[in-house]
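*Asks:* You'll find start-v4.cif just under this line, and it carries mmCIF, C-alpha atoms.
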```cif
data_input
loop_
_atom_site.group_PDB
_atom_site.id
_atom_site.type_symbol
_atom_site.label_atom_id
_atom_site.label_comp_id
_atom_site.auth_asym_id
_atom_site.auth_seq_id
_atom_site.Cartn_x
_atom_site.Cartn_y
_atom_site.Cartn_z
ATOM 1 C CA MET A 61 15.809 11.646 27.965
ATOM 2 C CA SER A 62 12.273 11.251 29.211
ATOM 3 C CA VAL A 63 9.600 9.426 27.233
ATOM 4 C CA GLU A 64 7.676 12.694 26.774
ATOM 5 C CA LYS A 65 10.698 14.512 25.313
ATOM 6 C CA PHE A 66 11.469 11.576 23.026
ATOM 7 C CA ALA A 67 7.861 11.418 21.784
ATOM 8 C CA GLY A 68 7.802 15.179 21.228
ATOM 9 C CA ARG A 69 11.084 15.105 19.309
ATOM 10 C CA MET A 70 9.918 12.189 17.119
ATOM 11 C CA GLY A 71 6.623 13.947 16.457
ATOM 12 C CA SER A 72 8.401 17.080 15.279
ATOM 13 C CA VAL A 73 10.720 15.040 13.016
ATOM 14 C CA VAL A 74 7.756 13.260 11.433
ATOM 15 C CA GLU A 75 5.851 16.524 10.956
ATOM 16 C CA ARG A 76 8.922 18.187 9.415
ATOM 17 C CA LYS A 77 9.407 15.286 6.968
ATOM 18 C CA ARG A 78 5.736 15.349 6.012
ATOM 19 C CA PHE A 79 5.879 19.106 5.422
ATOM 20 C CA LEU A 80 9.038 18.853 3.316
ATOM 21 C CA ALA A 81 7.568 16.028 1.219
ATOM 22 C CA ARG A 82 4.387 18.019 0.551
ATOM 23 C CA ALA A 83 6.308 21.204 -0.180
ATOM 24 C CA GLY A 84 8.596 19.363 -2.601
ATOM 25 C CA GLY A 85 5.641 17.790 -4.415
ATOM 26 C CA ALA A 86 3.816 21.111 -4.658
ATOM 27 C CA THR A 87 6.933 22.820 -5.998
ATOM 28 C CA ALA A 88 7.481 20.168 -8.660
ATOM 29 C CA ALA A 89 3.846 20.393 -9.760
ATOM 30 C CA PHE A 90 4.020 24.198 -9.830
ATOM 31 C CA LEU A 91 7.113 24.157 -12.027
ATOM 32 C CA GLY A 92 5.589 21.619 -14.401
ATOM 33 C CA LEU A 93 8.240 19.003 -13.732
ATOM 34 C CA GLU A 94 5.838 16.131 -13.223
ATOM 35 C CA GLY A 95 6.989 14.597 -16.496
ATOM 36 C CA LEU A 96 10.511 14.265 -15.106
ATOM 37 C CA MET A 97 9.404 12.314 -12.049
ATOM 38 C CA ALA A 98 9.150 8.508 -12.126
ATOM 39 C CA PRO A 99 5.570 7.394 -12.849
ATOM 40 C CA MET A 100 3.707 5.674 -10.022
ATOM 41 C CA ALA A 101 2.307 2.248 -10.785
ATOM 42 C CA LYS A 102 -1.469 2.111 -10.833
ATOM 43 C CA ALA A 103 -3.600 -0.769 -9.653
ATOM 44 C CA LEU A 104 -6.363 -1.573 -12.135
ATOM 45 C CA TYR A 105 -8.855 -3.894 -10.447
ATOM 46 C CA ASP A 106 -11.191 -2.723 -7.669
ATOM 47 C CA THR A 107 -13.119 -5.485 -5.952
ATOM 48 C CA HIS A 108 -14.459 -5.872 -2.398
ATOM 49 C CA GLY A 109 -12.496 -2.832 -1.247
ATOM 50 C CA CYS A 110 -9.237 -4.235 -2.632
ATOM 51 C CA THR A 111 -7.472 -2.265 -5.372
ATOM 52 C CA LEU A 112 -5.411 -4.965 -7.072
ATOM 53 C CA CYS A 113 -2.766 -5.006 -9.814
ATOM 54 C CA ASN A 114 -4.190 -8.106 -11.519
ATOM 55 C CA PRO A 115 -7.626 -9.675 -11.858
ATOM 56 C CA PRO A 116 -8.253 -11.764 -8.731
ATOM 57 C CA GLY A 117 -7.230 -15.385 -9.262
ATOM 58 C CA SER A 118 -4.889 -18.111 -8.137
ATOM 59 C CA CYS A 119 -1.134 -17.698 -8.170
ATOM 60 C CA GLY A 120 0.225 -21.116 -9.004
ATOM 61 C CA PRO A 121 3.551 -22.645 -8.016
ATOM 62 C CA GLN A 122 5.745 -19.608 -8.826
ATOM 63 C CA LEU A 123 4.430 -17.673 -5.804
ATOM 64 C CA ASN A 124 7.317 -16.808 -3.490
ATOM 65 C CA CYS A 125 5.853 -14.188 -1.132
ATOM 66 C CA ALA A 126 2.864 -11.877 -0.836
ATOM 67 C CA TRP A 127 2.101 -8.367 0.310
ATOM 68 C CA MET A 128 -1.149 -8.241 2.346
ATOM 69 C CA TRP A 129 -3.457 -5.494 3.649
ATOM 70 C CA THR A 130 -7.018 -5.251 4.936
ATOM 71 C CA ALA A 131 -9.966 -3.486 3.363
ATOM 72 C CA CYS A 132 -13.425 -2.612 4.626
ATOM 73 C CA TYR A 133 -16.235 -3.185 2.114
ATOM 74 C CA ASN A 134 -19.945 -3.015 3.009
ATOM 75 C CA HIS A 135 -19.042 -3.218 6.731
ATOM 76 C CA GLN A 136 -17.114 -6.462 6.143
ATOM 77 C CA THR A 137 -13.358 -7.031 6.504
ATOM 78 C CA TYR A 138 -11.466 -8.458 3.513
ATOM 79 C CA TYR A 139 -7.781 -9.365 3.114
ATOM 80 C CA CYS A 140 -6.117 -8.209 -0.111
ATOM 81 C CA PHE A 141 -2.954 -9.802 -1.532
ATOM 82 C CA GLU A 142 -0.342 -9.076 -4.197
ATOM 83 C CA GLY A 143 1.836 -12.116 -4.925
ATOM 84 C CA ARG A 144 5.480 -11.967 -5.980
ATOM 85 C CA GLN A 145 7.563 -14.441 -7.955
ATOM 86 C CA GLN A 146 10.967 -15.607 -6.858
ATOM 87 C CA GLY A 147 13.412 -12.826 -7.645
ATOM 88 C CA GLY A 148 10.681 -10.201 -7.255
ATOM 89 C CA ASN A 149 10.747 -7.511 -4.597
ATOM 90 C CA CYS A 150 8.823 -8.998 -1.670
ATOM 91 C CA ASN A 151 8.875 -5.657 0.148
ATOM 92 C CA SER A 152 7.192 -3.707 -2.646
ATOM 93 C CA PRO A 153 3.503 -2.776 -2.381
ATOM 94 C CA SER A 154 3.502 -1.391 -5.939
ATOM 95 C CA CYS A 155 2.409 -2.911 -9.233
ATOM 96 C CA PRO A 156 3.252 -4.966 -11.194
ATOM 97 C CA SER A 157 2.983 -8.150 -9.246
ATOM 98 C CA TYR A 158 2.777 -11.757 -10.365
ATOM 99 C CA CYS A 159 -0.780 -12.329 -9.131
ATOM 100 C CA SER A 160 -3.521 -10.813 -6.961
ATOM 101 C CA TRP A 161 -6.288 -12.225 -4.779
ATOM 102 C CA TYR A 162 -8.552 -11.440 -1.850
ATOM 103 C CA THR A 163 -10.250 -13.421 0.914
ATOM 104 C CA GLY A 164 -13.239 -12.686 3.096
ATOM 105 C CA PRO A 165 -15.467 -11.528 4.484
ATOM 106 C CA TRP A 166 -13.973 -12.043 7.929
ATOM 107 C CA SER A 167 -14.976 -11.016 11.414
ATOM 108 C CA PRO A 168 -14.964 -8.584 13.040
ATOM 109 C CA SER A 169 -17.069 -6.272 10.954
ATOM 110 C CA CYS A 170 -15.558 -2.888 10.279
#
```
Can you turn what I pasted into structure tokens?
*Replies:*
Amino acid sequence: MSVEKFAGRMGSVVERKRFLARAGGATAAFLGLEGLMAPMAKALYDTHGCTLCNPPGSCGPQLNCAWMWTACYNHQTYYCFEGRQQGGNCNSPSCPSYCSWYTGPWSPSC
């Protein structure tokens, strides 16, 4: 299979999944079944472009792993972190987490 055919096939699979996910969400909302769906965790603290689960602070010795992403705030790049305790799900970007923090600003500007 050529690279072009592979890329085209993967693009159509991704588009189909995106369409089905949107259609399913719209159908559930239309039928009023939102109450039956699992609630999404909400981050509560917005600072320097980072939407964090906890007030920014230090994590202490129980920190086992962290989930990190970048944010652009006032044309400056910041790194945002959600820390997990041992036994927590290190692959989860959702709240709650053990601790939250951010660093920056860093170069390059965004």
*Asks:* Using only C-alpha atoms, which of the listed residues (A:Thr130, A:Tyr138, A:Gln122, A:Asn151) sits closest to His108 of chain A?
*Replies:*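 Looking at the shortest contact to His108 of chain A, the residue is A:Tyr138.
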*Asks:* Select, from A:Leu123, A:Cys140, A:Cys170, A:Met128, the residue with the minimum atom-to-atom distance to Gly109 of chain A, counting all atoms listed in the file.
*Replies:* A:Cys140
*Asks:* Using the chain letters and numbering of this document, enumerate as a list in words the residues selected by the PyMOL selection byres ((chain A and resi 139) around 9).
*Replies:*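 Selected by the PyMOL selection byres ((chain A and resi 139) around 9) here: Cys110, Met128, Trp129, Thr130, Ala131, Cys132, Thr137, Tyr138, Cys140, Phe141, Trp161, Tyr162, Thr163, Gly164, Pro165 and Trp166 of chain A.
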*Asks:* Using the chain letters and numbers from the file, give me the residues hit by the PyMOL selection byres ((chain A and resi 118) around 9), as a list in words.
*Replies:*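 Checking the PyMOL selection byres ((chain A and resi 118) around 9) against this file, the residues are Pro116, Gly117, Cys119, Gly120, Cys159, Ser160 and Trp161 of chain A.
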*Asks:* Kindly give the distance, in Å, that separates atom CA of Asn114 of chain A and atom CA of Ser167 of chain A, rounded to a single decimal.
*Replies:*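 Interatomic distance here is 25.5 Å.
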*Asks:* Can you pull out the residues contacting Pro121 of chain A? Cut-off 12 Å, using all atoms listed in the file, and skip same-chain residues under 5 positions away; I want them as a PyMOL selection string.
*Replies:* chain A and resi 143-146+158-159
*Asks:* What lies within 9 Å of Leu104 of chain A using all atoms listed in the file, ignoring chain neighbours under 6 positions off, as a PyMOL selection string?
*Replies:* chain A and resi 111-115
*Asks:* What is the distance between atom CA of Ala103 of chain A and atom CA of Ser154 of chain A, in Å to one decimal?
*Replies:*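 Interatomic distance, atom CA of Ala103 of chain A to atom CA of Ser154 of chain A: 8.0 Å.
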*Asks:* What is the distance, in Å and to one decimal place, between atom CA of Ser152 of chain A and atom CA of Cys125 of chain A?
*Replies:*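 Separation of atom CA of Ser152 of chain A and atom CA of Cys125 of chain A: 10.7 Å.
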